[in-house]
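Source file: input.txt. Holds: compact mmCIF, C-alpha atoms.
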```txt
# COMPACT_ATOMS: atom_id res chain seq x y z
CA MET S 183 1.62 22.14 -26.99
CA ALA S 184 5.33 22.77 -27.07
CA ARG S 185 7.59 20.31 -25.42
CA GLY S 186 8.97 22.84 -22.97
CA THR S 187 5.53 23.86 -21.67
CA THR S 188 4.31 20.42 -20.60
CA PHE S 189 3.30 19.72 -17.00
CA CYS S 190 6.34 17.55 -16.29
CA ALA S 191 8.75 20.05 -17.85
CA LEU S 192 7.31 23.00 -15.92
CA LEU S 193 7.71 21.24 -12.56
CA HIS S 194 10.93 19.46 -13.55
CA LEU S 195 9.40 16.13 -12.59
CA LYS S 196 9.65 12.69 -14.06
CA GLU S 197 6.54 10.89 -15.18
CA ASP S 198 5.88 8.88 -12.00
CA ASN S 199 6.45 11.85 -9.71
CA ALA S 200 4.31 14.08 -11.94
CA ARG S 201 1.52 11.52 -11.79
CA PHE S 202 1.66 11.57 -7.99
CA VAL S 203 1.62 15.39 -7.80
CA LEU S 204 -1.24 15.61 -10.29
CA LEU S 205 -3.28 13.06 -8.33
CA VAL S 206 -2.72 14.98 -5.08
CA LEU S 207 -3.89 18.23 -6.70
CA LEU S 208 -6.95 16.61 -8.24
CA LEU S 209 -7.84 14.90 -4.96
CA LEU S 210 -7.56 18.17 -3.04
CA LEU S 211 -9.74 19.90 -5.63
CA TYR S 212 -12.26 17.06 -5.41
CA MET S 213 -12.38 17.38 -1.61
CA LEU S 214 -12.81 21.16 -1.77
CA ILE S 215 -15.73 20.80 -4.18
CA GLY S 216 -17.28 18.09 -2.01
CA ALA S 217 -16.89 20.23 1.13
CA GLU S 218 -18.74 23.10 -0.53
CA ILE S 219 -21.53 20.78 -1.74
CA PHE S 220 -22.12 19.23 1.69
CA HIS S 221 -21.84 22.65 3.34
CA LEU S 222 -24.68 23.92 1.17
CA ILE S 223 -26.83 20.80 1.61
CA GLU S 224 -26.39 20.13 5.34
CA GLY S 225 -25.43 23.54 6.71
CA SER S 226 -28.94 25.04 6.72
CA THR S 227 -30.39 21.88 8.28
CA GLU S 228 -27.82 22.02 11.08
CA ASP S 229 -28.73 25.64 11.84
CA LYS S 230 -32.44 24.75 12.06
CA GLU S 231 -31.78 21.80 14.38
CA ARG S 232 -29.60 23.95 16.64
CA ASP S 233 -32.31 26.61 16.89
CA ILE S 234 -34.94 23.97 17.71
CA TYR S 235 -32.81 22.48 20.48
CA ASN S 236 -31.96 25.86 21.99
CA SER S 237 -35.63 26.85 22.10
CA ARG S 238 -36.63 23.55 23.76
CA TYR S 239 -33.83 23.87 26.29
CA SER S 240 -34.77 27.46 27.13
CA GLU S 241 -38.42 26.49 27.51
CA TYR S 242 -37.57 23.60 29.84
CA VAL S 243 -35.34 25.79 31.99
CA HIS S 244 -38.04 28.43 32.23
CA ARG S 245 -40.76 25.93 33.19
CA TYR S 246 -39.01 23.68 35.69
CA LEU S 247 -35.71 25.06 36.90
CA ASN S 248 -37.33 28.36 37.86
CA LEU S 249 -39.94 26.40 39.87
CA SER S 250 -42.81 27.82 37.86
CA GLU S 251 -44.25 24.31 37.46
CA PRO S 252 -43.92 21.05 39.43
CA PHE S 253 -41.39 18.49 38.26
CA ASN S 254 -42.57 16.21 35.42
CA LYS S 255 -40.58 13.02 34.81
CA THR S 256 -41.90 12.57 31.24
CA ASP S 257 -40.71 16.01 30.19
CA PHE S 258 -37.41 15.39 31.95
CA ASP S 259 -36.79 12.13 30.03
CA LYS S 260 -37.69 13.83 26.76
CA MET S 261 -35.25 16.62 27.54
CA LEU S 262 -32.54 14.04 28.19
CA ASP S 263 -33.22 12.45 24.80
CA ASP S 264 -33.01 15.84 23.11
CA TYR S 265 -29.76 16.56 24.93
CA ALA S 266 -28.22 13.24 23.85
CA THR S 267 -29.24 13.83 20.22
CA ALA S 268 -27.89 17.37 20.27
CA SER S 269 -24.62 16.17 21.81
CA ALA S 270 -24.18 13.51 19.12
CA LYS S 271 -24.81 16.06 16.36
CA GLY S 272 -22.57 18.70 17.91
CA LEU S 273 -25.38 21.18 18.60
CA LEU S 274 -24.42 21.95 22.19
CA PRO S 275 -22.97 25.34 23.11
CA GLY S 276 -19.17 25.38 22.89
CA ARG S 277 -19.06 22.94 19.99
CA ARG S 278 -17.97 24.04 16.54
CA PRO S 279 -20.46 23.76 13.67
CA ARG S 280 -19.88 20.47 11.92
CA TRP S 281 -21.27 21.58 8.58
CA ASP S 282 -19.48 24.86 8.09
CA PHE S 283 -16.86 24.74 5.33
CA PRO S 284 -13.94 23.55 7.52
CA GLY S 285 -16.20 20.96 9.17
CA ALA S 286 -17.50 19.77 5.79
CA PHE S 287 -13.93 19.46 4.52
CA TYR S 288 -13.05 17.41 7.61
CA PHE S 289 -16.07 15.22 6.85
CA VAL S 290 -15.18 14.55 3.20
CA ALA S 291 -11.58 13.81 4.24
CA THR S 292 -12.82 11.10 6.62
CA VAL S 293 -15.08 9.75 3.86
CA VAL S 294 -12.52 9.39 1.05
CA SER S 295 -9.86 8.07 3.44
CA THR S 296 -12.38 5.48 4.76
CA ILE S 297 -11.75 6.57 8.37
CA GLY S 298 -15.41 7.38 8.97
CA PHE S 299 -15.44 8.64 12.58
CA GLY S 300 -19.24 8.68 12.58
CA MET S 301 -19.64 11.83 14.64
CA THR S 302 -20.78 13.64 11.48
CA SER S 303 -23.19 12.12 8.99
CA PRO S 304 -25.74 13.50 6.52
CA SER S 305 -29.24 13.84 7.95
CA THR S 306 -31.09 14.83 4.79
CA SER S 307 -32.10 12.53 1.93
CA SER S 308 -30.30 14.66 -0.64
CA GLY S 309 -27.13 14.60 1.48
CA ARG S 310 -27.21 10.81 1.78
CA VAL S 311 -27.74 10.36 -1.96
CA MET S 312 -24.91 12.79 -2.61
CA LEU S 313 -22.66 10.85 -0.25
CA ILE S 314 -23.18 7.64 -2.27
CA ILE S 315 -22.43 9.44 -5.53
CA TYR S 316 -19.46 11.32 -4.05
CA GLY S 317 -17.96 8.49 -2.01
CA LEU S 318 -17.42 5.92 -4.77
CA PRO S 319 -14.93 7.85 -6.95
CA GLY S 320 -13.50 9.62 -3.90
CA CYS S 321 -12.58 6.41 -2.09
CA ALA S 322 -11.19 4.91 -5.31
CA ALA S 323 -9.01 7.97 -5.91
CA CYS S 324 -7.79 7.95 -2.31
CA ILE S 325 -6.84 4.27 -2.49
CA LEU S 326 -4.92 5.04 -5.68
CA PHE S 327 -3.21 7.86 -3.78
CA PHE S 328 -2.21 5.44 -1.03
CA ASN S 329 -0.81 2.99 -3.59
CA ILE S 330 1.22 5.64 -5.40
CA PHE S 331 2.42 7.02 -2.07
CA LEU S 332 3.52 3.51 -1.13
CA GLU S 333 5.34 3.22 -4.46
CA ARG S 334 7.16 6.52 -3.92
CA LEU S 335 7.98 5.68 -0.29
CA ILE S 336 9.36 2.23 -1.08
CA THR S 337 11.32 3.66 -4.02
CA LEU S 338 12.89 6.24 -1.71
CA LEU S 339 13.69 3.65 0.97
CA ALA S 340 15.09 1.25 -1.62
CA TYR S 341 17.28 3.97 -3.11
CA VAL S 342 18.63 5.09 0.28
CA MET S 343 19.24 1.53 1.46
CA LYS S 344 20.92 0.62 -1.82
CA GLN S 345 23.26 3.59 -1.49
CA CYS S 346 24.14 2.48 2.04
CA HIS S 347 24.68 -1.08 0.80
CA GLU S 348 26.96 0.08 -2.01
CA ARG S 349 28.90 2.25 0.41
CA ARG S 350 29.37 -0.71 2.73
CA ILE S 351 30.51 -2.95 -0.15
CA ARG S 352 32.91 -0.25 -1.33
CA LYS S 353 34.31 0.06 2.17
CA LEU S 354 34.86 -3.69 2.38
CA LYS S 355 36.61 -3.64 -0.99
CA ASP S 356 38.94 -0.89 0.19
CA GLN S 357 39.69 -2.79 3.39
CA HIS S 358 40.40 -5.94 1.43
CA GLN S 359 42.71 -4.14 -0.95
CA ASN S 360 44.59 -2.58 1.98
CA GLY S 361 44.89 -5.91 3.70
CA GLN S 362 42.80 -4.84 6.69
CA ALA S 363 39.99 -7.39 6.24
CA LYS S 364 40.22 -11.16 6.12
CA ASN S 365 37.19 -12.74 4.50
CA GLY S 366 36.85 -16.51 4.46
CA GLY S 367 34.05 -16.71 1.86
CA ARG S 368 33.50 -14.72 -1.24
CA ARG S 369 35.61 -11.63 -1.34
CA PRO S 370 33.85 -8.27 -1.54
CA SER S 371 35.87 -7.37 -4.61
CA GLU S 372 34.28 -10.26 -6.49
CA GLN S 373 30.73 -8.87 -6.27
CA SER S 374 29.77 -7.82 -9.77
CA ASP S 375 28.01 -4.66 -10.84
CA ASP S 376 25.03 -6.73 -11.97
CA ASP S 377 24.57 -7.99 -8.42
CA LEU S 378 24.55 -4.43 -7.12
CA GLU S 379 22.13 -3.34 -9.84
CA ASN S 380 19.67 -6.13 -9.01
CA TRP S 381 20.06 -5.77 -5.25
CA LYS S 382 16.83 -5.21 -3.33
CA PRO S 383 16.37 -4.23 0.32
CA SER S 384 15.11 -6.79 2.78
CA VAL S 385 11.44 -6.59 3.65
CA TYR S 386 12.31 -6.85 7.35
CA TRP S 387 14.46 -3.71 7.30
CA VAL S 388 11.69 -1.84 5.50
CA LEU S 389 9.30 -3.03 8.22
CA VAL S 390 11.64 -1.66 10.89
CA TYR S 391 11.85 1.76 9.21
CA LEU S 392 8.08 1.96 8.69
CA THR S 393 7.51 1.00 12.33
CA LEU S 394 9.85 3.73 13.52
CA GLY S 395 8.18 6.23 11.20
CA ALA S 396 4.65 5.35 12.34
CA ILE S 397 5.64 5.50 16.03
CA SER S 398 7.37 8.86 15.53
CA ILE S 399 4.33 10.39 13.84
CA ALA S 400 1.97 8.97 16.47
CA CYS S 401 4.10 10.18 19.38
CA THR S 402 4.46 13.67 17.93
CA ALA S 403 0.74 13.95 17.18
CA SER S 404 -0.15 12.62 20.64
CA ALA S 405 1.99 15.29 22.27
CA VAL S 406 0.18 17.98 20.28
CA TYR S 407 -3.29 16.56 21.01
CA THR S 408 -2.55 16.26 24.72
CA LYS S 409 -1.58 19.93 24.88
CA VAL S 410 -4.42 21.30 22.70
CA GLU S 411 -7.44 19.05 23.24
CA PRO S 412 -9.12 19.63 26.63
CA GLY S 413 -9.32 16.60 28.88
CA TRP S 414 -7.15 14.33 26.71
CA SER S 415 -4.38 12.40 28.42
CA TYR S 416 -1.36 11.18 26.47
CA LEU S 417 -2.79 7.66 26.42
CA ASP S 418 -6.09 8.98 25.05
CA SER S 419 -4.23 10.87 22.34
CA PHE S 420 -2.13 7.85 21.37
CA TYR S 421 -5.28 5.72 21.31
CA PHE S 422 -6.93 8.25 18.98
CA CYS S 423 -3.87 8.16 16.70
CA PHE S 424 -4.08 4.39 16.39
CA VAL S 425 -7.83 4.40 15.72
CA ALA S 426 -7.53 7.21 13.15
CA PHE S 427 -4.32 6.11 11.39
CA SER S 428 -5.53 2.54 11.02
CA THR S 429 -8.87 3.85 9.56
CA ILE S 430 -10.86 2.01 12.25
CA GLY S 431 -12.57 5.27 13.20
CA PHE S 432 -14.63 4.48 16.32
CA GLY S 433 -15.56 8.13 16.81
CA ASP S 434 -15.43 8.09 20.62
CA LEU S 435 -12.51 10.55 20.49
CA VAL S 436 -12.31 13.01 17.59
CA SER S 437 -9.84 15.85 17.29
CA SER S 438 -10.58 19.47 16.31
CA GLN S 439 -14.19 19.54 17.56
CA GLU S 440 -14.05 22.50 19.95
CA SER S 441 -15.36 25.86 18.84
CA SER S 442 -12.04 27.63 19.34
CA TYR S 443 -8.40 26.76 19.96
CA ASN S 444 -5.18 28.64 20.44
CA GLN S 445 -3.67 29.06 16.96
CA GLN S 446 -6.83 27.47 15.61
CA TYR S 447 -6.03 27.51 11.87
CA TRP S 448 -2.51 26.19 12.36
CA TYR S 449 -3.81 23.45 14.61
CA ARG S 450 -6.45 22.33 12.10
CA PHE S 451 -3.88 22.32 9.31
CA GLY S 452 -1.48 20.32 11.48
CA ASN S 453 -4.27 17.90 12.37
CA PHE S 454 -4.91 17.32 8.66
CA ILE S 455 -1.20 16.69 8.04
CA PHE S 456 -0.97 14.28 10.99
CA LEU S 457 -3.97 12.27 9.80
CA THR S 458 -2.76 12.13 6.19
CA ALA S 459 0.81 11.13 7.07
CA GLY S 460 -0.33 8.63 9.68
CA VAL S 461 -2.83 6.89 7.41
CA CYS S 462 -0.29 6.68 4.56
CA CYS S 463 2.38 5.27 6.87
CA ILE S 464 0.06 2.68 8.42
CA TYR S 465 -1.21 1.68 4.96
CA SER S 466 2.39 1.00 3.90
CA PHE S 467 2.97 -0.82 7.17
CA TYR S 468 -0.02 -3.08 6.51
CA ASN S 469 1.28 -4.04 3.07
CA VAL S 470 4.71 -4.97 4.42
CA ILE S 471 3.08 -7.03 7.18
CA SER S 472 1.06 -8.81 4.47
CA ILE S 473 4.30 -9.96 2.80
CA ILE S 474 5.65 -11.29 6.09
CA ILE S 475 2.38 -13.13 6.77
CA LYS S 476 2.60 -14.65 3.30
CA GLN S 477 6.14 -15.84 4.04
CA PHE S 478 4.97 -17.36 7.30
CA LEU S 479 2.17 -19.22 5.51
CA ASN S 480 4.66 -20.59 2.96
CA TRP S 481 6.93 -21.70 5.80
CA ALA S 482 3.99 -23.32 7.62
CA ILE S 483 2.96 -25.24 4.50
CA LYS S 484 6.48 -26.61 4.14
CA LYS S 485 6.49 -27.61 7.80
CA LEU S 486 3.12 -29.35 7.53
CA ASP S 487 4.49 -31.38 4.62
CA CYS S 488 1.07 -31.91 3.07
CA ARG S 489 1.00 -34.20 0.09
CA CYS S 490 -1.67 -32.08 -1.53
CA CYS S 491 0.68 -29.10 -1.43
CA HIS S 492 3.50 -30.84 -3.31
CA ARG S 493 3.72 -30.10 -6.95
CA ARG S 494 3.86 -32.94 -9.37
CA ARG S 495 7.12 -33.45 -11.11
CA PRO S 496 6.92 -32.04 -14.61
CA ARG S 497 6.90 -34.59 -17.37
CA PRO S 498 9.87 -34.55 -19.72
CA ARG S 499 9.21 -32.44 -22.77
CA ARG S 500 8.86 -34.24 -26.05
CA ASN S 501 10.95 -31.73 -27.93
CA ALA S 502 13.72 -31.36 -25.38
CA ILE S 503 17.29 -32.13 -26.42
CA THR S 504 18.51 -35.21 -24.56
CA PRO S 505 22.15 -35.42 -23.42
CA GLY S 506 24.33 -38.03 -25.09
CA HIS S 507 24.60 -40.55 -22.23
CA LEU S 508 20.83 -40.50 -21.70
CA GLN S 509 20.21 -40.78 -25.43
CA ARG S 510 22.38 -43.90 -25.57
CA GLN S 511 20.42 -45.48 -22.72
CA MET S 512 17.15 -44.68 -24.46
CA ASN S 513 18.42 -46.10 -27.74
CA SER S 514 19.55 -49.35 -26.10
CA ALA S 515 16.26 -49.64 -24.23
CA GLY S 516 14.20 -48.73 -27.28
CA LYS S 517 15.48 -51.53 -29.53
CA ARG S 518 13.05 -54.39 -29.88
CA HIS S 519 14.06 -57.80 -31.27
CA ASN S 520 11.62 -59.34 -33.72
CA GLY S 521 13.68 -62.46 -34.19
CA PRO S 522 17.25 -63.74 -34.41
CA GLY S 523 19.38 -61.01 -35.91
CA ASN S 524 16.42 -58.65 -36.47
CA VAL S 525 16.28 -55.40 -34.53
CA GLU S 526 13.44 -52.89 -34.82
CA VAL S 527 14.21 -49.28 -34.00
CA THR S 528 11.63 -47.18 -32.04
CA ASP S 529 10.65 -43.54 -32.71
CA TYR S 530 13.40 -41.95 -30.65
CA ASP S 531 15.97 -43.85 -32.72
CA SER S 532 14.46 -42.78 -36.02
CA GLU S 533 16.15 -41.05 -38.90
CA THR S 534 15.52 -37.58 -40.17
CA ASP S 535 15.93 -36.71 -43.87
CA GLY S 536 17.70 -40.03 -44.46
CA ARG S 537 20.41 -39.26 -41.92
CA ARG S 538 20.89 -40.99 -38.57
CA MET S 539 21.06 -38.48 -35.70
CA SER S 540 24.25 -38.75 -33.68
CA ASP S 541 24.19 -39.35 -29.97
CA GLU S 542 25.32 -35.89 -28.96
CA MET S 543 24.47 -33.67 -31.92
CA ILE S 544 21.20 -32.49 -33.41
CA SER S 545 20.72 -30.62 -36.63
CA MET S 546 19.68 -26.94 -36.48
CA LYS S 547 16.77 -27.71 -38.78
CA ASP S 548 15.28 -30.29 -36.43
CA PHE S 549 16.01 -28.09 -33.42
CA LEU S 550 14.11 -25.18 -34.94
CA ALA S 551 11.25 -27.40 -36.06
CA ALA S 552 10.88 -28.93 -32.61
CA ASN S 553 11.22 -25.72 -30.62
CA LYS S 554 9.35 -23.07 -32.59
CA VAL S 555 7.09 -22.22 -29.67
CA SER S 556 9.97 -22.14 -27.16
CA LEU S 557 12.00 -19.85 -29.41
CA ALA S 558 9.05 -17.50 -29.84
CA VAL S 559 8.53 -17.28 -26.09
CA MET S 560 12.25 -16.77 -25.53
CA GLN S 561 12.38 -13.96 -28.10
CA LYS S 562 9.37 -12.29 -26.46
CA GLN S 563 10.98 -12.50 -23.02
CA LEU S 564 14.28 -11.12 -24.29
CA TYR S 565 12.46 -8.23 -25.98
CA GLU S 566 10.46 -7.38 -22.85
CA THR S 567 13.61 -7.56 -20.71
CA SER S 568 15.49 -5.20 -23.00
CA GLN S 569 12.57 -2.79 -23.12
CA HIS S 570 12.21 -2.83 -19.33
CA ARG S 571 15.93 -2.17 -18.83
CA HIS S 572 15.83 0.63 -21.40
CA HIS S 573 12.84 2.16 -19.60
CA SER S 574 14.59 1.90 -16.22
CA ASN S 575 17.79 3.49 -17.52
CA LYS S 576 15.78 6.26 -19.15
CA ASN S 577 13.79 7.15 -16.04
CA GLY S 578 16.64 6.81 -13.57
CA VAL S 579 17.09 4.83 -10.37
CA GLY S 580 13.91 3.43 -8.88
CA GLN S 581 11.60 4.66 -11.64
CA GLY S 582 8.82 2.48 -12.95
CA LEU S 583 7.12 -0.50 -11.41
CA SER S 584 6.00 -3.39 -13.57
CA GLY S 585 3.75 -6.32 -12.91
CA GLY S 586 0.82 -6.68 -10.58
CA VAL S 587 -1.72 -4.28 -9.19
CA GLY S 588 -1.94 -2.84 -5.68
CA GLY S 589 0.41 -2.32 -2.79
CA LEU S 590 1.34 -5.98 -2.32
CA ALA S 591 2.38 -6.37 -5.96
CA MET S 592 4.52 -3.22 -5.73
CA LEU S 593 6.29 -4.50 -2.65
CA ASN S 594 6.88 -7.92 -4.22
CA ASN S 595 8.60 -6.18 -7.12
CA LYS S 596 10.61 -3.74 -5.02
CA LEU S 597 11.64 -5.72 -1.97
CA GLN S 598 13.59 -8.88 -1.39
CA GLU S 599 11.46 -11.53 0.30
CA THR S 600 13.78 -13.46 2.56
CA GLU S 601 12.47 -17.02 2.66
CA ARG S 602 12.36 -18.85 5.97
CA ARG S 603 14.84 -21.71 5.99
CA ASP S 604 14.41 -25.01 7.77
```

What's the structure tokens form of this structure?
Amino acid sequence: MARGTTFCALLHLKEDNARFVLLVLLLLLYMLIGAEIFHLIEGSTEDKERDIYNSRYSEYVHRYLNLSEPFNKTDFDKMLDDYATASAKGLLPGRRPRWDFPGAFYFVATVVSTIGFGMTSPSTSSGRVMLIIYGLPGCAACILFFNIFLERLITLLAYVMKQCHERRIRKLKDQHQNGQAKNGGRRPSEQSDDDLENWKPSVYWVLVYLTLGAISIACTASAVYTKVEPGWSYLDSFYFCFVAFSTIGFGDLVSSQESSYNQQYWYRFGNFIFLTAGVCCIYSFYNVISIIIKQFLNWAIKKLDCRCCHRRRPRPRRNAITPGHLQRQMNSAGKRHNGPGNVEVTDYDSETDGRRMSDEMISMKDFLAANKVSLAVMQKQLYETSQHRHHSNKNGVGQGLSGGVGGLAMLNNKLQETERRD
């Protein structure tokens, strides 16, 4: 395939963004296929169950409510059980079919996102087996989508906050040059470009922005649900947003279950967007909270001052180069007298190649012989650092995350963890 006809070149996307777009398209295709499969498996069964309930209800009304027969408590209790079952399955008049194509798509969306409201579930054996087969890769792909969304979101926030930080530093430099600012500590003009390049946003500011974003989405969605869903107060709508966005999914309140709405297709599309954006935002919020909890645990361990938590002091390395004043102390302490006028020299006062090592110098030959492993590790680290910087410069600002797996590892790499001080 020619270079100009690749997927990334056609969409003018970089590799990370192209990966995200491709995953979204594949996940949507996967959900559409799953919706059609469950519609075919469960749709006919739902129609049969609805017909059975309607016939039983009509028969009961004809027998008892028209006073053709005396009241029978046993039949009444059985009718109540049938009514409760039909209500749970959405078979009552005025309720939308749960296993038509839009309802099946809503179902697979709650499956792969792990919300699981519970108001819709397969009733056939083939549907339950299909759910097990379908749910495993679907949930894995959706979790990957959440992680990549978190990566893109944090990259965007880090880029915007870095631009604001650089603008503030530049403003302070201009004020200092014009004599308008008086700084007692380090002057803004002394901050190097390397410091700005390695600057990372604080995890607490990211938490504030994610909180504002989640509240904004929840408030907007609650206003829509209150206006569209019959009988929902604003508190009920906000409660539903929390249960759905956090993937708790009780199922006591579920949106888009009526048979008809005003602007029905737009409302269902908006409901899908609200749920997707809310779950992604809360997932990112959870990961940032995890970092703050980890910082609190580290602070608590320091406060507890447990002996078991202290690390042992590392032993001095055998091949380390010893400074001159310490070497002289070791040489004086390492001499052992065997008799009057006889002095025996220990190993650290030995000679190499017939030459006595000076107190403050060491030959390159002995240094290389004693530090082969350290030099190899240092060369490997320098190579990886250069390759990582080359990759970052090639992909642009904020491209590429290295090290770790999952949302917490991404945040550790992207954000500055402000340690709690005593």

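Distances to Tyr465 in chain S were evaluated for S:Ile325, S:Val425, S:Leu394, S:Cys401 using only C-alpha atoms, and the minimum falls at S:Ile325.
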
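Atom pair CA of Tyr212 in chain S / CA of Asn329 in chain S: separated by 18.2 Å.
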
Practice prompt. Tell me which protein, DNA and RNA residues are within 12 Å of Leu335 in chain S, counting all atoms listed in the file, leaving out same-chain ones fewer than 3 positions away, and put them as JSON, numbers by chain.
Written response: {"S": [199, 202, 327, 328, 329, 330, 331, 332, 338, 339, 340, 341, 342, 388, 391, 392, 395, 459, 462, 463, 465, 466, 467, 580, 581, 589, 592, 593, 596]}

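Distance-wise, CA of Phe299 in chain S and CA of Ser437 in chain S end up 10.3 Å apart.
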
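Nearest residue to Asp229 in chain S, choosing from S:Asp418, S:Asp257, S:Glu348, S:Asp282 and counting all atoms listed in the file: S:Asp282.
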
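Between CA of Pro319 in chain S and CA of Arg201 in chain S the interatomic distance comes to 17.5 Å.
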
List the neighbours of Leu274 in chain S out to 12 Å using only C-alpha atoms; skip same-chain residues closer than 2 positions along the sequence, and give me the result as a PDB file with C-alpha atoms, in the frame of the given file.
```pdb
ATOM      1  CA  GLU S 228     -27.820  22.020  11.080  1.00  0.00           C
ATOM      2  CA  ASP S 229     -28.730  25.640  11.840  1.00  0.00           C
ATOM      3  CA  GLU S 231     -31.780  21.800  14.380  1.00  0.00           C
ATOM      4  CA  ARG S 232     -29.600  23.950  16.640  1.00  0.00           C
ATOM      5  CA  ASP S 233     -32.310  26.610  16.890  1.00  0.00           C
ATOM      6  CA  ILE S 234     -34.940  23.970  17.710  1.00  0.00           C
ATOM      7  CA  TYR S 235     -32.810  22.480  20.480  1.00  0.00           C
ATOM      8  CA  ASN S 236     -31.960  25.860  21.990  1.00  0.00           C
ATOM      9  CA  TYR S 239     -33.830  23.870  26.290  1.00  0.00           C
ATOM     10  CA  ASP S 264     -33.010  15.840  23.110  1.00  0.00           C
ATOM     11  CA  TYR S 265     -29.760  16.560  24.930  1.00  0.00           C
ATOM     12  CA  ALA S 266     -28.220  13.240  23.850  1.00  0.00           C
ATOM     13  CA  THR S 267     -29.240  13.830  20.220  1.00  0.00           C
ATOM     14  CA  ALA S 268     -27.890  17.370  20.270  1.00  0.00           C
ATOM     15  CA  SER S 269     -24.620  16.170  21.810  1.00  0.00           C
ATOM     16  CA  ALA S 270     -24.180  13.510  19.120  1.00  0.00           C
ATOM     17  CA  LYS S 271     -24.810  16.060  16.360  1.00  0.00           C
ATOM     18  CA  GLY S 272     -22.570  18.700  17.910  1.00  0.00           C
ATOM     19  CA  GLY S 276     -19.170  25.380  22.890  1.00  0.00           C
ATOM     20  CA  ARG S 277     -19.060  22.940  19.990  1.00  0.00           C
ATOM     21  CA  ARG S 278     -17.970  24.040  16.540  1.00  0.00           C
ATOM     22  CA  PRO S 279     -20.460  23.760  13.670  1.00  0.00           C
ATOM     23  CA  ARG S 280     -19.880  20.470  11.920  1.00  0.00           C
ATOM     24  CA  GLN S 439     -14.190  19.540  17.560  1.00  0.00           C
ATOM     25  CA  GLU S 440     -14.050  22.500  19.950  1.00  0.00           C
ATOM     26  CA  SER S 441     -15.360  25.860  18.840  1.00  0.00           C
TER      27      SER S 441
END
```

Edge lengths and centre, in Å to one decimal, as lines of an AutoDock Vina configuration file: that's what I need for the box along x, y and z that holds all listed atoms of range 209-215 of chain S plus 5 Å on each side.
```
center_x = -11.6
center_y = 18.0
center_z = -3.6
size_x = 18.2
size_y = 16.3
size_z = 14.0
```
